[in-house]
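Q: Next comes the structure file structure.cif, holding mmCIF, C-alpha atoms.
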```
data_coords
loop_
_atom_site.label_atom_id
_atom_site.label_comp_id
_atom_site.auth_asym_id
_atom_site.auth_seq_id
_atom_site.Cartn_x
_atom_site.Cartn_y
_atom_site.Cartn_z
CA MET O 87 3.12 46.86 -17.53
CA LYS O 88 2.74 48.11 -13.96
CA LYS O 89 0.31 45.31 -13.21
CA ALA O 90 2.71 42.70 -14.63
CA ILE O 91 5.51 43.98 -12.35
CA GLU O 92 3.17 43.90 -9.35
CA ILE O 93 2.10 40.32 -10.08
CA THR O 94 5.74 39.24 -10.58
CA MET O 95 6.70 40.85 -7.27
CA VAL O 96 3.86 39.07 -5.44
CA ILE O 97 4.88 35.73 -6.98
CA ILE O 98 8.55 36.29 -6.04
CA LEU O 99 7.53 37.18 -2.49
CA LEU O 100 5.29 34.12 -2.19
CA VAL O 101 7.94 31.76 -3.60
CA SER O 102 10.67 33.18 -1.38
CA ASN O 103 8.38 32.88 1.61
CA VAL O 104 7.68 29.22 0.86
CA SER O 105 11.20 28.15 -0.11
CA CYS O 106 13.29 30.11 2.42
CA ARG O 107 13.74 28.54 5.81
CA LYS O 108 13.73 30.85 8.79
CA THR O 109 17.05 31.74 10.37
CA LEU O 110 17.27 31.88 14.15
CA ALA O 111 19.91 32.75 16.72
CA LYS O 112 21.38 29.77 18.63
CA GLY O 113 19.21 30.16 21.73
CA GLU O 114 16.05 30.69 19.70
CA TYR O 115 16.90 27.64 17.59
CA VAL O 116 17.16 25.45 20.69
CA GLN O 117 13.84 26.80 21.93
CA TYR O 118 12.27 26.16 18.51
CA VAL O 119 13.33 22.50 18.52
CA LYS O 120 12.04 22.04 22.09
CA ASP O 121 8.75 23.89 21.47
CA LYS O 122 5.86 21.39 21.30
CA ASN O 123 4.03 23.62 18.80
CA ASN O 124 6.70 23.03 16.15
CA GLY O 125 6.12 19.27 15.94
CA LEU O 126 9.65 18.15 16.85
CA ASN O 127 8.84 17.46 20.49
CA LYS O 128 5.89 15.17 21.16
CA MET O 129 4.32 14.31 24.49
CA VAL O 130 2.25 11.23 25.26
CA LYS O 131 0.37 10.96 28.54
CA VAL O 132 -0.35 7.48 29.86
CA GLY O 133 -2.06 7.53 33.25
CA PRO O 134 0.28 9.45 35.56
CA TRP O 135 3.23 9.05 33.17
CA ASP O 136 4.46 11.65 30.70
CA TYR O 137 6.57 10.35 27.81
CA CYS O 138 8.42 13.00 25.85
CA PHE O 139 9.87 12.26 22.40
CA GLN O 140 12.36 14.89 21.26
CA TYR O 141 13.64 14.69 17.70
CA LYS O 142 17.17 16.13 17.55
CA PRO O 143 18.19 17.56 14.17
CA HIS O 144 21.93 17.35 13.42
CA ASP O 145 22.40 21.11 13.94
CA TYR O 146 20.75 20.81 17.34
CA VAL O 147 23.04 17.94 18.41
CA ILE O 148 26.12 19.87 17.26
CA LEU O 149 24.95 23.09 18.89
CA LEU O 150 24.50 21.45 22.29
CA GLU O 151 27.93 19.84 22.10
CA GLU O 152 29.59 23.29 21.93
CA LEU O 153 32.30 22.33 19.45
CA THR O 154 34.91 24.39 17.61
CA SER O 155 34.19 25.09 13.94
CA LEU O 156 36.62 22.36 12.84
CA GLU O 157 35.05 19.84 15.20
CA LYS O 158 31.59 20.90 14.05
CA GLU O 159 32.40 19.96 10.47
CA LYS O 160 33.73 16.56 11.56
CA ARG O 161 30.70 15.94 13.78
CA GLY O 162 28.37 16.95 10.95
CA LYS O 163 29.95 14.29 8.73
CA GLU O 164 29.61 11.69 11.51
CA LEU O 165 25.93 12.46 11.91
CA GLU O 166 25.19 12.21 8.18
CA GLY O 167 22.68 9.46 7.42
CA THR O 168 21.37 9.20 11.00
CA ALA O 169 18.37 10.35 13.04
CA TRP O 170 18.52 11.03 16.78
CA PHE O 171 15.91 11.16 19.53
CA ASN O 172 15.62 11.61 23.27
CA ILE O 173 12.90 9.64 25.01
CA SER O 174 12.23 11.05 28.48
CA PHE O 175 9.67 9.92 31.01
CA HIS O 176 8.53 10.93 34.46
CA ASN O 177 5.60 10.42 36.77
CA ARG O 178 3.54 13.59 37.31
CA GLU O 179 2.26 12.35 40.65
CA SER O 180 5.61 11.43 42.16
CA ALA O 181 8.77 13.33 42.94
CA VAL O 182 10.72 10.07 43.18
CA SER O 183 13.00 9.04 40.32
CA ALA O 184 11.22 6.89 37.74
CA LEU O 185 13.84 4.22 38.39
CA ARG O 186 12.84 4.00 42.05
CA TYR O 187 9.09 4.39 41.50
CA GLU O 188 7.10 1.90 43.62
CA LEU O 189 10.22 -0.13 44.44
CA THR O 190 11.11 -1.33 47.90
CA SER O 191 14.19 -3.44 47.30
CA LYS O 192 17.68 -2.85 45.94
CA ASP O 193 17.25 -5.98 43.82
CA GLY O 194 14.22 -4.47 42.10
CA TYR O 195 16.15 -1.26 41.43
CA ASP O 196 19.11 -3.18 39.97
CA LYS O 197 16.82 -5.19 37.67
CA ARG O 198 15.11 -2.02 36.45
CA LEU O 199 18.42 -0.26 35.90
CA ASP O 200 19.75 -3.30 34.04
CA TYR O 201 16.66 -3.25 31.80
CA PHE O 202 17.16 0.40 30.89
CA LEU O 203 20.91 0.05 30.45
CA ASN O 204 20.91 -3.15 28.39
CA HIS O 205 17.51 -4.34 27.23
CA ALA O 206 15.17 -1.39 26.58
CA VAL O 207 17.00 -0.91 23.25
CA ASP O 208 15.09 -3.96 21.96
CA ASP O 209 11.83 -2.15 22.63
CA VAL O 210 12.56 0.93 20.50
CA LYS O 211 12.19 1.26 16.74
CA LEU O 212 11.65 3.94 14.10
CA ILE O 213 9.24 3.75 11.19
CA TYR O 214 10.77 5.92 8.47
CA GLY O 215 8.45 7.07 5.69
CA THR O 216 5.67 4.56 5.24
CA SER O 217 7.54 1.29 5.16
CA ASP O 218 11.11 1.31 6.51
CA THR O 219 11.44 -0.10 10.01
CA LEU O 220 14.75 0.97 11.53
CA LEU O 221 16.34 -0.50 14.64
CA PRO O 222 18.70 1.53 16.84
CA ILE O 223 22.38 1.77 15.92
CA ALA O 224 23.14 3.63 19.14
CA TYR O 225 21.47 3.62 22.52
CA ALA O 226 22.32 5.21 25.85
CA PHE O 227 20.41 5.47 29.09
CA GLU O 228 21.37 8.70 30.82
CA ASN O 229 21.78 7.46 34.34
CA ASN O 230 21.18 10.45 36.60
CA TYR O 231 21.57 8.31 39.73
CA SER O 232 18.01 9.10 40.83
CA LEU O 233 18.84 12.79 41.26
CA THR O 234 15.90 13.94 39.12
CA PRO O 235 12.43 12.42 38.65
CA GLN O 236 12.93 12.38 34.87
CA GLU O 237 14.85 9.65 33.07
CA THR O 238 16.16 9.93 29.52
CA ILE O 239 17.03 7.47 26.79
CA VAL O 240 19.13 8.67 23.84
CA VAL O 241 18.65 6.66 20.68
CA GLY O 242 20.02 6.88 17.13
CA PHE O 243 19.01 5.22 13.86
CA ARG O 244 20.78 4.70 10.52
CA LEU O 245 18.64 6.14 7.72
CA PRO O 246 18.10 4.27 4.44
CA ILE O 247 20.98 4.56 1.92
CA GLY O 248 21.17 7.93 0.21
CA GLU O 249 19.44 9.90 3.00
CA LYS O 250 21.85 12.35 4.64
CA ALA O 251 19.26 13.65 7.08
CA PRO O 252 15.60 12.79 7.69
CA THR O 253 13.26 14.09 4.98
CA LYS O 254 10.18 11.93 5.50
CA ASP O 255 7.59 11.29 8.21
CA MET O 256 9.11 9.47 11.18
CA GLN O 257 7.23 7.50 13.80
CA ILE O 258 9.19 6.51 16.87
CA VAL O 259 7.81 3.52 18.75
CA TYR O 260 8.65 2.56 22.33
CA ASP O 261 7.12 -0.47 24.01
CA ASP O 262 7.19 0.29 27.74
CA LYS O 263 7.54 -2.96 29.65
CA VAL O 264 8.37 -1.47 33.05
CA TYR O 265 5.52 0.88 33.91
CA LYS O 266 2.96 -1.14 31.95
CA SER O 267 2.13 1.73 29.62
CA GLY O 268 2.20 -0.49 26.52
CA ILE O 269 3.19 0.65 23.04
CA ILE O 270 3.81 4.40 22.81
CA LYS O 271 4.23 6.17 19.49
CA ALA O 272 5.06 9.70 18.37
CA LYS O 273 5.08 11.02 14.84
CA ILE O 274 7.46 13.69 13.58
CA ALA O 275 5.83 14.94 10.39
CA GLN O 276 7.76 15.63 7.19
CA GLU O 277 6.33 19.16 7.23
CA SER O 278 7.81 19.82 10.68
CA ILE O 279 11.20 18.58 9.46
CA GLU O 280 11.04 20.81 6.38
CA ASN O 281 10.19 23.83 8.55
CA ILE O 282 13.23 23.49 10.82
CA PRO O 283 15.01 26.85 10.73
CA LYS O 284 18.68 27.44 10.05
CA ILE O 285 21.05 28.70 12.71
CA ALA O 286 22.30 32.27 12.20
CA LEU O 287 26.09 32.38 11.90
CA MET Y 263 -54.30 44.91 36.38
CA TRP Y 264 -55.14 41.83 34.26
CA ARG Y 265 -52.98 43.22 31.47
CA ILE Y 266 -49.98 43.52 33.80
CA LEU Y 267 -50.51 39.97 35.08
CA ILE Y 268 -50.71 38.53 31.55
CA VAL Y 269 -47.62 40.44 30.40
CA SER Y 270 -45.56 39.32 33.42
CA LEU Y 271 -46.78 35.71 32.96
CA ILE Y 272 -45.77 35.69 29.28
CA THR Y 273 -42.41 37.27 30.16
CA SER Y 274 -41.61 34.72 32.87
CA VAL Y 275 -42.68 31.78 30.66
CA SER Y 276 -40.51 32.98 27.76
CA ILE Y 277 -37.51 33.57 30.07
CA THR Y 278 -37.87 30.04 31.49
CA LEU Y 279 -38.21 28.53 28.02
CA SER Y 280 -35.19 30.37 26.61
CA TYR Y 281 -33.11 29.46 29.67
CA SER Y 282 -33.98 25.76 29.47
CA LEU Y 283 -33.35 25.74 25.71
CA TYR Y 284 -29.97 27.39 26.19
CA TYR Y 285 -29.17 25.12 29.12
CA SER Y 286 -29.99 21.90 27.26
CA ARG Y 287 -28.01 23.07 24.22
CA ASP Y 288 -25.00 23.93 26.40
CA LYS Y 289 -24.84 20.54 28.15
CA LYS Y 290 -23.64 18.30 25.37
CA ILE Y 291 -23.90 14.55 25.76
CA ALA Y 292 -22.46 11.86 23.48
CA VAL Y 293 -22.66 8.10 23.24
CA VAL Y 294 -19.70 5.96 22.22
CA ASP Y 295 -19.86 2.22 21.60
CA ALA Y 296 -17.18 1.10 24.07
CA VAL Y 297 -16.82 -2.39 22.58
CA LYS Y 298 -16.26 -1.04 19.05
CA LEU Y 299 -13.88 1.60 20.41
CA PHE Y 300 -11.82 -1.05 22.22
CA ASN Y 301 -11.82 -3.54 19.33
CA GLU Y 302 -10.86 -0.96 16.70
CA TYR Y 303 -8.12 0.68 18.76
CA ASN Y 304 -4.81 0.11 16.97
CA MET Y 305 -2.92 -0.43 20.22
CA LYS Y 306 -5.23 -3.32 21.17
CA ILE Y 307 -4.91 -4.85 17.69
CA GLU Y 308 -1.09 -4.62 17.80
CA MET Y 309 -0.81 -5.98 21.35
CA GLU Y 310 -3.08 -8.91 20.49
CA GLY Y 311 -0.97 -9.60 17.39
CA LYS Y 312 2.20 -9.75 19.52
CA GLU Y 313 0.56 -11.97 22.12
CA LYS Y 314 -0.87 -14.28 19.46
CA LYS Y 315 2.68 -15.07 18.29
CA ILE Y 316 3.62 -16.22 21.81
CA LEU Y 317 0.46 -18.31 22.15
CA VAL Y 318 1.03 -19.93 18.74
CA LEU Y 319 4.56 -20.84 19.81
CA ILE Y 320 3.35 -22.49 23.04
CA SER Y 321 0.56 -24.27 21.11
CA LYS Y 322 3.12 -25.71 18.69
CA GLN Y 323 5.14 -27.07 21.62
CA MET Y 324 1.93 -28.57 22.99
CA ASP Y 325 1.17 -30.22 19.62
CA SER Y 326 4.64 -31.70 19.60
CA ILE Y 327 4.17 -33.19 23.08
CA ASN Y 328 0.75 -34.57 22.11
CA ASN Y 329 2.29 -36.26 19.06
CA GLN Y 330 4.97 -37.84 21.23
CA LEU Y 331 2.25 -38.97 23.63
CA LYS Y 332 0.40 -40.67 20.76
CA ILE Y 333 3.57 -42.54 19.78
CA ALA Y 334 4.17 -43.54 23.42
CA LYS Y 335 0.61 -44.88 23.60
CA THR Y 336 1.10 -46.82 20.35
CA ILE Y 337 4.24 -48.52 21.65
CA ASN Y 338 2.64 -48.83 25.10
CA SER Y 339 5.54 -47.30 27.05
CA GLU Y 340 4.16 -46.66 30.52
CA THR Y 341 6.99 -44.37 31.73
CA ALA Y 342 6.88 -42.23 28.57
CA ILE Y 343 3.07 -41.99 28.73
CA GLN Y 344 3.25 -40.83 32.35
CA GLN Y 345 5.99 -38.24 31.71
CA LEU Y 346 4.41 -36.89 28.51
CA SER Y 347 0.91 -36.74 30.03
CA TYR Y 348 2.36 -34.65 32.85
CA SER Y 349 4.17 -32.35 30.36
CA ALA Y 350 1.01 -31.98 28.24
CA SER Y 351 -1.05 -31.05 31.26
CA GLU Y 352 1.61 -28.54 32.41
CA MET Y 353 1.73 -27.04 28.92
CA LYS Y 354 -2.05 -26.74 28.80
CA ASN Y 355 -1.95 -24.86 32.10
CA ASP Y 356 0.80 -22.60 30.71
CA ILE Y 357 -1.32 -21.71 27.68
CA GLU Y 358 -4.35 -20.94 29.81
CA ARG Y 359 -2.28 -18.86 32.23
CA GLU Y 360 -0.56 -16.97 29.41
CA TYR Y 361 -3.90 -16.31 27.70
CA GLU Y 362 -5.48 -15.08 30.91
CA ASN Y 363 -2.50 -12.86 31.84
CA SER Y 364 -2.21 -11.37 28.37
CA ASN Y 365 -5.93 -10.58 28.24
CA LYS Y 366 -5.70 -8.88 31.61
CA LEU Y 367 -2.61 -6.90 30.60
CA ILE Y 368 -4.08 -5.81 27.26
CA ASN Y 369 -7.33 -4.72 28.91
CA GLU Y 370 -5.50 -2.80 31.62
CA GLN Y 371 -3.02 -1.06 29.29
CA VAL Y 372 -5.49 -0.29 26.52
CA TRP Y 373 -8.11 1.19 28.85
CA LYS Y 374 -5.45 3.24 30.65
CA ARG Y 375 -4.61 4.82 27.28
CA LEU Y 376 -8.19 5.06 26.03
CA ASN Y 377 -9.36 6.86 29.15
CA THR Y 378 -6.81 9.65 28.64
CA SER Y 379 -7.57 9.88 24.91
CA ILE Y 380 -11.33 9.92 25.38
CA GLU Y 381 -10.96 12.71 27.94
CA GLN Y 382 -9.04 14.72 25.31
CA PHE Y 383 -11.68 13.86 22.72
CA GLY Y 384 -14.47 15.07 24.98
CA LYS Y 385 -12.66 18.32 25.72
CA GLN Y 386 -11.97 18.93 22.03
CA LYS Y 387 -15.58 18.25 21.05
CA GLY Y 388 -16.90 20.35 23.94
CA VAL Y 389 -18.86 17.38 25.29
CA HIS Y 390 -19.73 17.36 28.98
CA LEU Y 391 -20.62 13.69 29.29
CA ILE Y 392 -19.68 10.65 27.21
CA ILE Y 393 -21.72 7.53 27.84
CA GLY Y 394 -20.01 4.26 26.98
CA ALA Y 395 -22.53 1.88 25.41
CA ASN Y 396 -21.40 -1.70 25.88
CA GLY Y 397 -24.38 -3.80 24.90
CA MET Y 398 -25.14 -4.57 28.54
CA GLY Y 399 -28.11 -2.25 28.77
CA THR Y 400 -26.35 0.95 29.84
CA VAL Y 401 -27.84 2.71 26.84
CA LEU Y 402 -31.22 1.36 25.76
CA TYR Y 403 -31.55 3.55 22.70
CA ASN Y 404 -29.72 6.36 20.96
CA ASP Y 405 -29.96 7.72 17.46
CA SER Y 406 -27.04 8.86 15.32
CA TYR Y 407 -27.34 12.42 16.67
CA TYR Y 408 -25.63 11.47 19.93
CA ASP Y 409 -23.41 8.68 18.53
CA LEU Y 410 -19.79 9.79 18.22
CA THR Y 411 -18.26 6.29 17.98
CA SER Y 412 -16.66 6.67 14.52
CA GLU Y 413 -15.21 10.09 15.37
CA ALA Y 414 -13.92 8.75 18.71
CA VAL Y 415 -12.25 5.75 17.04
CA LYS Y 416 -10.54 8.05 14.51
CA PHE Y 417 -9.45 10.44 17.25
CA VAL Y 418 -7.97 7.82 19.60
CA ASN Y 419 -6.15 6.08 16.77
CA ARG Y 420 -4.66 9.36 15.53
CA GLU Y 421 -3.54 10.19 19.08
CA TYR Y 422 -2.00 6.73 19.40
CA GLU Y 423 -0.15 6.87 16.08
CA GLU Y 424 1.05 10.48 16.28
CA GLY Y 425 1.30 11.46 19.93
CA ASN Y 426 0.17 14.91 21.07
#
```
Re-express the file's structure as structure tokens.
A:
Amino acid sequence: MKKAIEITMVIILLVSNVSCRKTLAKGEYVQYVKDKNNGLNKMVKVGPWDYCFQYKPHDYVILLEELTSLEKEKRGKELEGTAWFNISFHNRESAVSALRYELTSKDGYDKRLDYFLNHAVDDVKLIYGTSDTLLPIAYAFENNYSLTPQETIVVGFRLPIGEKAPTKDMQIVYDDKVYKSGIIKAKIAQESIENIPKIAL
Amino acid sequence: MWRILIVSLITSVSITLSYSLYYSRDKKIAVVDAVKLFNEYNMKIEMEGKEKKILVLISKQMDSINNQLKIAKTINSETAIQQLSYSASEMKNDIEREYENSNKLINEQVWKRLNTSIEQFGKQKGVHLIIGANGMGTVLYNDSYYDLTSEAVKFVNREYEEGN
């Protein structure tokens, strides 16, 4: 009898350990999402360039927007069925803004800025699961007016019908046409998505 | 006296042998078939696929001009022959230029990426030197013991598909 209870307890503990997601405080949650070891933030080095792909779970997006509880609910509904990413890049060997890197004319700068504001969206896609290729439904280039060496693209995708939030492997693909880095990919594994903790209330 | 000499000789020989054995084991060397690595790299395959579409499109335009040129020759229209011959020649130059530029770009971009990935591969495998065999006589012979080509291809493709 005693042995049966012990075995049941062990099974319960194991099951609860597997099925229960961790709960973290707000600050810890943000750190968790940003931490490269948790598989939600991927880095690709190409020559002197660092490309950073940050997957942004819905809770993370809402948390950073600092909304009231009523607004949070509304925002949560808006984000349903979408997946969001930040694509950041900077040159390790230069303190100059990526937009100004190796440029000498204003014309060159304007062309590069125009590319990132209006055309780079055509060079981003998301492979969802094994077969769905998703194109962006939202795209924004965070123009920091060359104040920092890092530039960031924010991009959102509509998930296949019936998916409220990502549940499968995702591979984000960016074809860099400016710095001649070629096709850059980063995979956010299903396991990493399943392991995302909850935010403590 | 002789006994001391023999003992010290044996000791020094065994120390030298163990040191050189340890030293050679510690300095790991690998050979990777650079041509196979390049040709089987997913990025190269994808970039070539994209470029092929552009080249096919230009070739189709060229075919269309050549067909028109044939018709012009059949009806013996001097002006049309002259204009179309010029267009065909321009188009041919475009194809050659496009092909040359795309090859250069693919080579440049793929090797930029492969160099970083191979460095990571070497570090992960604890290899101190990776020799790129390219069929040009850099490596005259190596057996499978030193050949890490398959592992390298798998590694670089995983890095490419998944990021770090």
Q: For O:Lys128, please output as an NGL selection string all residues within 10 Å (counting only C-alpha atoms; exclusion window: fewer than 5 positions along the same chain).
A: (:O and (120-123 or 137-141 or 173 or 271-274)) or (:Y and (424-426))
Q: Separation of atom CA of O:Glu179 and atom CA of O:Gly133, in Å?
A: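 Answer for the atom CA of O:Glu179 to atom CA of O:Gly133 separation: 9.8 Å.
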Q: Considering only C-alpha atoms, return as an MDAnalysis selection string whatever protein or nucleic-acid residues lie within 8 Å of O:Asp255, sequence-local ones (same chain, fewer than 6 positions apart) excluded.
A: chainID O and resid 214:216 273:276
Q: From the options O:Leu212, O:Ile148, O:Leu153, O:Leu185, which residue's atoms come nearest to O:Leu165, counting all atoms listed in the file?
A: O:Ile148
Q: Could you make a table, as CSV, of the residues of chain Y that have an atom within 10 Å of an atom of chain O, each with its nearest atom pair and distance in Å to one decimal, counting all atoms listed in the file, in chain and number order?
A:
```
residue,atom,partner,partner_atom,distance
Y:Met305,CA,O:Ile269,CA,6.8
Y:Lys306,CA,O:Ile269,CA,9.5
Y:Glu308,CA,O:Ile269,CA,8.6
Y:Met309,CA,O:Ile269,CA,7.9
Y:Leu367,CA,O:Lys266,CA,8.1
Y:Ile368,CA,O:Gly268,CA,8.3
Y:Glu370,CA,O:Lys266,CA,8.6
Y:Gln371,CA,O:Ser267,CA,5.9
Y:Val372,CA,O:Gly268,CA,7.7
Y:Trp373,CA,O:Gly133,CA,9.8
Y:Lys374,CA,O:Gly133,CA,6.1
Y:Arg375,CA,O:Val132,CA,5.6
Y:Leu376,CA,O:Val132,CA,9.1
Y:Asn377,CA,O:Gly133,CA,8.4
Y:Thr378,CA,O:Val132,CA,6.9
Y:Ser379,CA,O:Lys131,CA,8.8
Y:Arg420,CA,O:Lys273,CA,9.9
Y:Glu421,CA,O:Val130,CA,8.5
Y:Tyr422,CA,O:Lys271,CA,6.3
Y:Glu423,CA,O:Lys271,CA,5.6
Y:Glu424,CA,O:Lys273,CA,4.3
Y:Gly425,CA,O:Ala272,CA,4.4
Y:Asn426,CA,O:Met129,CA,5.4
```
Q: When the PyMOL selection byres ((chain O and resi 234) around 12) is applied to the structure above, which residues does it catch, written out as a list in words?
A: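 Checked against the file, the PyMOL selection byres ((chain O and resi 234) around 12) matches Ser174, Phe175, His176, Asn177, Ser180, Ala181, Val182, Ser183, Ala184, Leu185, Arg186, Tyr187, Glu228, Asn229, Asn230, Tyr231, Ser232, Leu233, Pro235, Gln236, Glu237 and Thr238 of chain O.
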Q: Generate the missing atoms of stretch 340-359 of chain Y up to N, CA and C atoms and report them as a tab-separated table (two decimals), in the coordinates of the input.
A:
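Okay, result06.tsv is ready:
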```tsv
chain	number	residue	atom	x	y	z
Y	340	GLU	N	4.81	-47.22	29.34
Y	340	GLU	CA	4.16	-46.66	30.52
Y	340	GLU	C	4.87	-45.40	31.04
Y	341	THR	N	6.22	-45.49	31.18
Y	341	THR	CA	6.99	-44.37	31.73
Y	341	THR	C	6.85	-43.13	30.84
Y	342	ALA	N	6.99	-43.35	29.51
Y	342	ALA	CA	6.88	-42.23	28.57
Y	342	ALA	C	5.49	-41.63	28.62
Y	343	ILE	N	4.47	-42.49	28.69
Y	343	ILE	CA	3.07	-41.99	28.73
Y	343	ILE	C	2.88	-41.10	29.96
Y	344	GLN	N	3.40	-41.57	31.08
Y	344	GLN	CA	3.25	-40.83	32.35
Y	344	GLN	C	3.94	-39.45	32.27
Y	345	GLN	N	5.20	-39.50	31.79
Y	345	GLN	CA	5.99	-38.24	31.71
Y	345	GLN	C	5.36	-37.26	30.73
Y	346	LEU	N	4.97	-37.77	29.55
Y	346	LEU	CA	4.41	-36.89	28.51
Y	346	LEU	C	3.03	-36.37	28.89
Y	347	SER	N	2.24	-37.20	29.59
Y	347	SER	CA	0.91	-36.74	30.03
Y	347	SER	C	1.08	-35.56	31.00
Y	348	TYR	N	2.08	-35.71	31.88
Y	348	TYR	CA	2.36	-34.65	32.85
Y	348	TYR	C	2.77	-33.36	32.12
Y	349	SER	N	3.70	-33.52	31.13
Y	349	SER	CA	4.17	-32.35	30.36
Y	349	SER	C	3.01	-31.69	29.61
Y	350	ALA	N	2.14	-32.52	29.01
Y	350	ALA	CA	1.01	-31.98	28.24
Y	350	ALA	C	0.08	-31.19	29.14
Y	351	SER	N	-0.15	-31.73	30.32
Y	351	SER	CA	-1.05	-31.05	31.26
Y	351	SER	C	-0.43	-29.72	31.72
Y	352	GLU	N	0.89	-29.76	32.00
Y	352	GLU	CA	1.61	-28.54	32.41
Y	352	GLU	C	1.53	-27.47	31.31
Y	353	MET	N	1.75	-27.95	30.07
Y	353	MET	CA	1.73	-27.04	28.92
Y	353	MET	C	0.35	-26.41	28.74
Y	354	LYS	N	-0.68	-27.23	28.93
Y	354	LYS	CA	-2.05	-26.74	28.80
Y	354	LYS	C	-2.30	-25.62	29.83
Y	355	ASN	N	-1.81	-25.88	31.05
Y	355	ASN	CA	-1.95	-24.86	32.10
Y	355	ASN	C	-1.21	-23.58	31.73
Y	356	ASP	N	-0.01	-23.75	31.14
Y	356	ASP	CA	0.80	-22.60	30.71
Y	356	ASP	C	0.03	-21.74	29.70
Y	357	ILE	N	-0.58	-22.44	28.73
Y	357	ILE	CA	-1.32	-21.71	27.68
Y	357	ILE	C	-2.47	-20.92	28.31
Y	358	GLU	N	-3.20	-21.60	29.19
Y	358	GLU	CA	-4.35	-20.94	29.81
Y	358	GLU	C	-3.91	-19.73	30.64
Y	359	ARG	N	-2.80	-19.94	31.39
Y	359	ARG	CA	-2.28	-18.86	32.23
Y	359	ARG	C	-1.82	-17.68	31.37
```
